[in-house]
Amino acid sequence: MSESARPVETVIEVDAAASGTAISPDLFGVFFEDLNHAADGGLYAELVQNRSFEYTPAHRPEWHALTAWELLERDGAAGSVTVSADAPLHPANPHYAVLRTTTAGAAGRGAALRNEGFDGIAVRADAAYDVSVFARLADDTADRLVAQIESRDGSRVYGRAELGPVQGSWERHSAVITCEATDPDARFTVIAVGVGTLHLDLVSLFPQATFRDRPGGLRADLAQVIADLKPKFVRFPGGCVAHGLGLGNMYRWPETVGPLQSRRQQRNLWGYHQSMGLGYYEYFQFCEDIGAKPLPVVPAGVCCQNTEPTGQVGIPEKEMPDYIDEILALVEWANGPADSPWGALRAAAGHPEPFGLEYLGVGNEDTITDTFRDRFSRIHDALREHHPEITVVGTVGPSPDGEDWEKGWAFAHERSVPVVDEHSYKSPRWFLENTRRFDTMDREGPHLYIGEYAARGNDMRSAVAEAAYMIAMERNGDVVRLASYAPLLAKSGHTQWLPDLIYFDNTSVWPTLNYHVQRMHSVNSGDNALPVTVVGAPRARPVPEAARHGVHVGTSHDTRAEFTDARIGPLGAAGSPAPEFADWQAESGSWERHDDGRIRQTAYGTDARLVLAEAADGPSYVFSVRARKNAGSEGFTIGFAATSPGNRYQWSVGGWLNRGMRLQRVDDGVLHDLNDPVAGPVETGRWYDLRVEVDGRRIRCYRDGRLIHDFRDDPATPELFAVSAVRDSAAGDVIIKIANSTPEPVAVRLRLTGTDVDTGFTRTALTAPPLATSRFGTAPATPVEDRLPGPICDIPPHSFTVLRTRTGTDQP
């Protein structure tokens with residue numbers, strides 16, 4: 001392209017000689033929660049599922065103590081298997097298998113137990129596996145065990161080891177099996193030798209090749225892809241897992257350290273089981289192994305507000321002193337000398353040196369009630385008194401706005417909480433609209449931890465929006481202290497939440513486009529944000545107000561419902577009957593029209609929408625309808641202000657498993673919540689009068705005449721071309737980061753003032769079509785690195801670019 005034909009340049013000028021604004025050294029980290037089966041069957045490398053026979057229907061209705069196990073009676077052997085809790089290995093681990101052989105088969109082999117693993121057991125040829133089991137001889141002569149890795153149908157044995165002799169009291173037996181073949185779907189079998197009864201518990205198969213080769217450690221490839229992010233901290237164990245559904249489901253850290261048999265296993269609130277093999281010791285060890293600071297989160301003395309039927313409940317008054325002592329003990333366990341009471345427990349596990357805990361989260365997404373305020377204040381005050389060196393991280397609810405967010409910030413100011421945790425799961429457009437939200441934060445007030453955030457999609461559009469939001473964090477790195485994308489991991493076939501950063505199955509790991517953005521930011525961190533001036537950047541064009549708005553009625557998930565008497569009219573009026581439902585368009589679902597004007601949605605397992613395009617004169621009008629739920633787990637959606645395909649508002653009535661009502665916005669086809677939920681489930685068989693008043697940007701929603709929401713949505717202009725510049729003093733580099741969310745390339749001229757730049761730029765760029773997705777095996781793009789010899793470059797459309805240059809400044 002000739003110089004005259006080039007488009008008008010965007011000039012990025014960086015004052016490389018300025019002292020700049022200090023950036024938190026801990027800004028970009030990761031957040032691990034046992035969600036999407038991220039721990040057992042995921043990061044925790046144990047290959048045996050339900051190794052302690054502790055599964056129950058409380059974890060999942062179809063589960064029982066022998067889930068994932070089967071009795072084998074092969075080669076003439078006969079026997080049985082039951083589960084007992086009589087004289088267990090440890091009170092925290094009360095159940096064990098009773099394997100009885102009544103008839104021995106070939107070579108004296110008796111009955112056997114075979115485990116299916118987590119979606120099978122993936123093994124590799126020539127790899128070594130640690131086998132262990134706690135066993136006790138109950139009667140007769142079945143005093144030995146044979147452990148083997150075999151094919152799914154049992155026709156091939158890939159490796160075998162003997163365990164024994166088994167005595168009359170609990171003893172741990174171990175061996176090593178070297179596997180002779182690669183099989184992604186193998187099985188693990190424990191066989192009794194001789195006639196008699198054996199008690200078995202904590203049956204384990206572990207690859208020796210774990211991360212850092214730690215026995216009983218982490219899956220090497222998954223841990224490595226996290227380590228490659230170079231996170232400055234790791235937050236754990238949650239999330240909602242931390243405060244649990246009910247007081248008995250709280251994650252209590254002392255129950256997750258010490259010998260495995262002493263750890264209390266429990267239900268995971270995401271609908272499965274926590275073995276606690278991945279506990280606090282393993283979390284802290286992982287942080288140390290990857291050079292990240294630990295950021296544990298303990299319950300703030302209350303359980304999750306979504307606990308049914310109680311809601312949020314506080315730890316009883318008489319138990320609070322002990323609970324506060326438990327939290328103080330965590331600091332001693334992590335940081336105390338090896339001869340202190342809790343430090344000795346850490347040392348006994350193999351780590352006499354302190355871990356160096358600096359941060360401690362107290363609470364997660366808690367509703368800011370009087371009970372929460374009381375419990376949090378007492379914990380916070382005790383930590384401030386006994387451990388002023390610890391930075392407490394508080395919580396401001398589940399959203400970046402709304403009543404709990406406002407109350408949470410006010411409470412944090414009142415209590416002088418040093419850092420608060422804010423969460424944002426929004427559309428890509430929302431992130432671009434909110435890149436300036438940190439600019440006006442009080443520099444003296446609580447600093448911010450953006451503990452959970454993700455632009456919905458796992459596509460390039462969401463990745464670039466996150467890159468721009470991280471640029472905003474970096475520009476304000478003096479008040480945004482910490483940030484971590486969430487969730488981190490998701491297993492194929494076991495995903496409860498989308499989007500996620502890293503997807504995996506038993507043999508493969510798939511980093512997403514979003515992962516690459518996180519890594520490009522993290523490995524190119526700086527210690528000072530430099531002044532940047534951008535001239536000629538692409539800007540968002542004003543969106544013309546649509547003269548006519550579309551509306552819809554619908555249902556979510558598996559709900560079936562019917563609607564009648566739809567009306568549309570000017571504000572202040574009852575509205576005129578809308579066109580008959582026969583004239584509406586079925587965008588999704590299955591709809592049956594009735595002669596009396598009703599229309600019924602009858603489909604199962606899908607969201608459904610019946611749309612009337614250009615139904616109302618914008619920007620102000622009223623839309624009402626009568627609705628009745630006939631079956632299903634949720635309620636209705638009432639759509640309005642649809643101004644173009646994929647852009648609308650909707651009112652969710654009986655959403656989130658029929659817990660309540662909330663306003664939502666759909667941006668370019670991506671749905672996100674606008675406000676805190678209001679309690680109010682939908683009853684089956686009852687008619688509801690639903691009314692929405694649209695008055696420009698103000699929205700009012702009424703159910704049976706009662707005002708439910710009164711909300712004004714005034715989004716900021718999205719920042720389509722975001723830039724930051726930082727100094728990496730240790731490397732002597734200036735780093736420029738550019739997120740271009742526009743569909744056009746942008747010609748850029750770089751100017752660094754106050755410095756000599758004679759080495760050119762190292763350029764790392766990630767670009768892909770905006771809707772290119774990256775889940776479970778799809779990899780539309782990876783970052784590409786090259787050299788940029790001069791100050792002029794084209795920034796690709798839908799891209800994130802990092803430029804590094806070695807500089808020599810005119811001043812120290």
# chains A, B, ... in the order shown; residues from 1 in each chain; ligands from 1

$ residues_around --residues "Thr56 (chain A)" --least-positions-apart "3" --cutoff "10 Å" --atoms "only C-alpha atoms" --output "list of chain:residue names"
A:Phe53, A:His59, A:Arg60, A:Pro61, A:Glu62, A:Trp63, A:His64, A:Ala65, A:Leu66, A:Thr67, A:Gln266, A:Arg267, A:Tyr272, A:His273

$ write_last_selection --atoms "C-alpha atoms" --output "mmCIF file, in the first residue's frame"
data_model
loop_
_atom_site.group_PDB
_atom_site.id
_atom_site.type_symbol
_atom_site.label_atom_id
_atom_site.label_comp_id
_atom_site.auth_asym_id
_atom_site.auth_seq_id
_atom_site.Cartn_x
_atom_site.Cartn_y
_atom_site.Cartn_z
ATOM 1 C CA PHE A 53 -17.442 -45.060 49.304
ATOM 2 C CA HIS A 59 -24.914 -35.463 46.548
ATOM 3 C CA ARG A 60 -26.908 -36.590 43.515
ATOM 4 C CA PRO A 61 -30.240 -38.461 43.605
ATOM 5 C CA GLU A 62 -29.025 -41.459 41.599
ATOM 6 C CA TRP A 63 -25.828 -41.904 43.615
ATOM 7 C CA HIS A 64 -25.100 -44.365 46.427
ATOM 8 C CA ALA A 65 -22.054 -45.618 48.334
ATOM 9 C CA LEU A 66 -21.060 -48.011 45.530
ATOM 10 C CA THR A 67 -21.503 -45.604 42.630
ATOM 11 C CA GLN A 266 -19.226 -33.465 51.670
ATOM 12 C CA ARG A 267 -21.696 -32.518 48.991
ATOM 13 C CA TYR A 272 -21.697 -33.628 43.025
ATOM 14 C CA HIS A 273 -19.052 -34.626 45.624
#

$ residues_around --residues "Glu358 (chain A)" --least-positions-apart "6" --cutoff "9 Å" --atoms "only C-alpha atoms" --output "list in words"
Lys293, Pro294, Leu295, Glu389, Ile390, Thr391 and Val392 of chain A

$ residues_around --residues "Leu448 (chain A)" --least-positions-apart "2" --cutoff "8 Å" --atoms "only C-alpha atoms" --output "MDAnalysis selection string"
chainID A and resid 419:422 446 450 479:482

$ write_last_selection --atoms "N, CA and C atoms" --output "PDB file, in the first residue's frame"
ATOM      1  N   VAL A 419      -9.866  -4.067  51.058  1.00  0.00           N
ATOM      2  CA  VAL A 419     -10.145  -4.499  49.682  1.00  0.00           C
ATOM      3  C   VAL A 419     -11.517  -5.156  49.667  1.00  0.00           C
ATOM      4  N   VAL A 420     -12.293  -4.909  48.609  1.00  0.00           N
ATOM      5  CA  VAL A 420     -13.584  -5.590  48.451  1.00  0.00           C
ATOM      6  C   VAL A 420     -13.621  -6.321  47.113  1.00  0.00           C
ATOM      7  N   ASP A 421     -14.434  -7.359  47.068  1.00  0.00           N
ATOM      8  CA  ASP A 421     -14.510  -8.293  45.943  1.00  0.00           C
ATOM      9  C   ASP A 421     -15.789  -8.027  45.156  1.00  0.00           C
ATOM     10  N   GLU A 422     -15.629  -7.668  43.877  1.00  0.00           N
ATOM     11  CA  GLU A 422     -16.763  -7.354  42.992  1.00  0.00           C
ATOM     12  C   GLU A 422     -16.787  -8.351  41.838  1.00  0.00           C
ATOM     13  N   PRO A 446     -11.604   1.789  50.050  1.00  0.00           N
ATOM     14  CA  PRO A 446     -11.274   0.385  49.807  1.00  0.00           C
ATOM     15  C   PRO A 446     -10.808   0.174  48.369  1.00  0.00           C
ATOM     16  N   ILE A 450     -11.485  -7.513  41.559  1.00  0.00           N
ATOM     17  CA  ILE A 450     -12.496  -7.996  40.614  1.00  0.00           C
ATOM     18  C   ILE A 450     -12.336  -9.507  40.578  1.00  0.00           C
ATOM     19  N   VAL A 479      -5.801   1.383  42.268  1.00  0.00           N
ATOM     20  CA  VAL A 479      -6.990   1.081  43.074  1.00  0.00           C
ATOM     21  C   VAL A 479      -7.572  -0.289  42.750  1.00  0.00           C
ATOM     22  N   VAL A 480      -7.340  -0.797  41.549  1.00  0.00           N
ATOM     23  CA  VAL A 480      -7.721  -2.177  41.237  1.00  0.00           C
ATOM     24  C   VAL A 480      -6.534  -3.047  41.637  1.00  0.00           C
ATOM     25  N   ARG A 481      -6.627  -3.655  42.805  1.00  0.00           N
ATOM     26  CA  ARG A 481      -5.482  -4.375  43.393  1.00  0.00           C
ATOM     27  C   ARG A 481      -5.334  -5.784  42.806  1.00  0.00           C
ATOM     28  N   LEU A 482      -6.459  -6.456  42.546  1.00  0.00           N
ATOM     29  CA  LEU A 482      -6.449  -7.861  42.145  1.00  0.00           C
ATOM     30  C   LEU A 482      -7.571  -8.093  41.138  1.00  0.00           C
TER      31      LEU A 482
END

$ residues_around --residues "region 485-489 of chain A" --least-positions-apart "6" --cutoff "9 Å" --atoms "only C-alpha atoms" --output "PyMOL selection string"
chain A and resi 28-39+42-43+222+226+425+450-454+497-504+518

$ atom_distance --atom1 "CA of Pro577 (chain A)" --atom2 "CA of Leu612 (chain A)"
12.8 Å

$ residues_around --residues "Ala338 (chain A)" --least-positions-apart "4" --cutoff "6 Å" --atoms "only C-alpha atoms" --output "MDAnalysis selection string"
chainID A and resid 343:344 347 352

$ write_last_selection --atoms "C-alpha atoms" --output "mmCIF file, in the first residue's frame"
data_model
loop_
_atom_site.group_PDB
_atom_site.id
_atom_site.type_symbol
_atom_site.label_atom_id
_atom_site.label_comp_id
_atom_site.auth_asym_id
_atom_site.auth_seq_id
_atom_site.Cartn_x
_atom_site.Cartn_y
_atom_site.Cartn_z
ATOM 1 C CA GLY A 343 2.370 -24.496 62.389
ATOM 2 C CA ALA A 344 3.288 -27.945 63.673
ATOM 3 C CA ALA A 347 5.195 -29.036 59.315
ATOM 4 C CA PRO A 352 8.066 -26.655 58.006
#

$ closest_residue --among "A:Phe761, A:Phe355, A:Trp430, A:Tyr44" --to "Ala223 (chain A)" --atoms "only C-alpha atoms"
A:Tyr44

$ residues_around --residues "Arg124 (chain A)" --least-positions-apart "3" --cutoff "7 Å" --atoms "only C-alpha atoms" --output "NGL selection string"
:A and (127 or 179 or 181-183)

$ select_by_dssp --residues "region 84-293 of chain A" --states "strand (DSSP E or B)" --output "ChimeraX atom specification"
/A:84,90,93,96-103,109-115,117,120-123,128-140,144-150,157-163,171-178,183-193,196-207,210,218-219,233-236,266-268,272-274,293

$ residues_around --residues "Asp140 (chain A)" --least-positions-apart "3" --cutoff "10 Å" --atoms "only C-alpha atoms" --output "ChimeraX atom specification"
/A:101,137,143,194-198

$ atom_distance --atom1 "CA of Arg415 (chain A)" --atom2 "CA of Arg378 (chain A)"
10.7 Å

$ select_by_dssp --residues "region 79-270 of chain A" --states "alpha helix (DSSP H)" --output "list in words"
Ala220, Asp221, Leu222, Ala223, Gln224, Val225, Ile226, Ala227, Cys240, Val241, Ala242 and His243 of chain A

$ closest_residue --among "A:Phe721, A:Phe563, A:Phe431, A:Tyr515" --to "Gly635 (chain A)" --atoms "only C-alpha atoms"
A:Phe563

$ closest_residue --among "A:Ile315, A:Ala186, A:Ala781, A:Ala465" --to "His243 (chain A)" --atoms "only C-alpha atoms"
A:Ile315

$ atom_distance --atom1 "CA of Leu513 (chain A)" --atom2 "CA of Ser774 (chain A)"
6.1 Å

$ closest_residue --among "A:Glu70, A:Glu150, A:Asp381, A:Asp786" --to "Ala112 (chain A)" --atoms "only C-alpha atoms"
A:Glu70

$ closest_residue --among "A:Tyr649, A:Tyr469, A:Phe411, A:Phe206" --to "Pro428 (chain A)" --atoms "only C-alpha atoms"
A:Tyr469
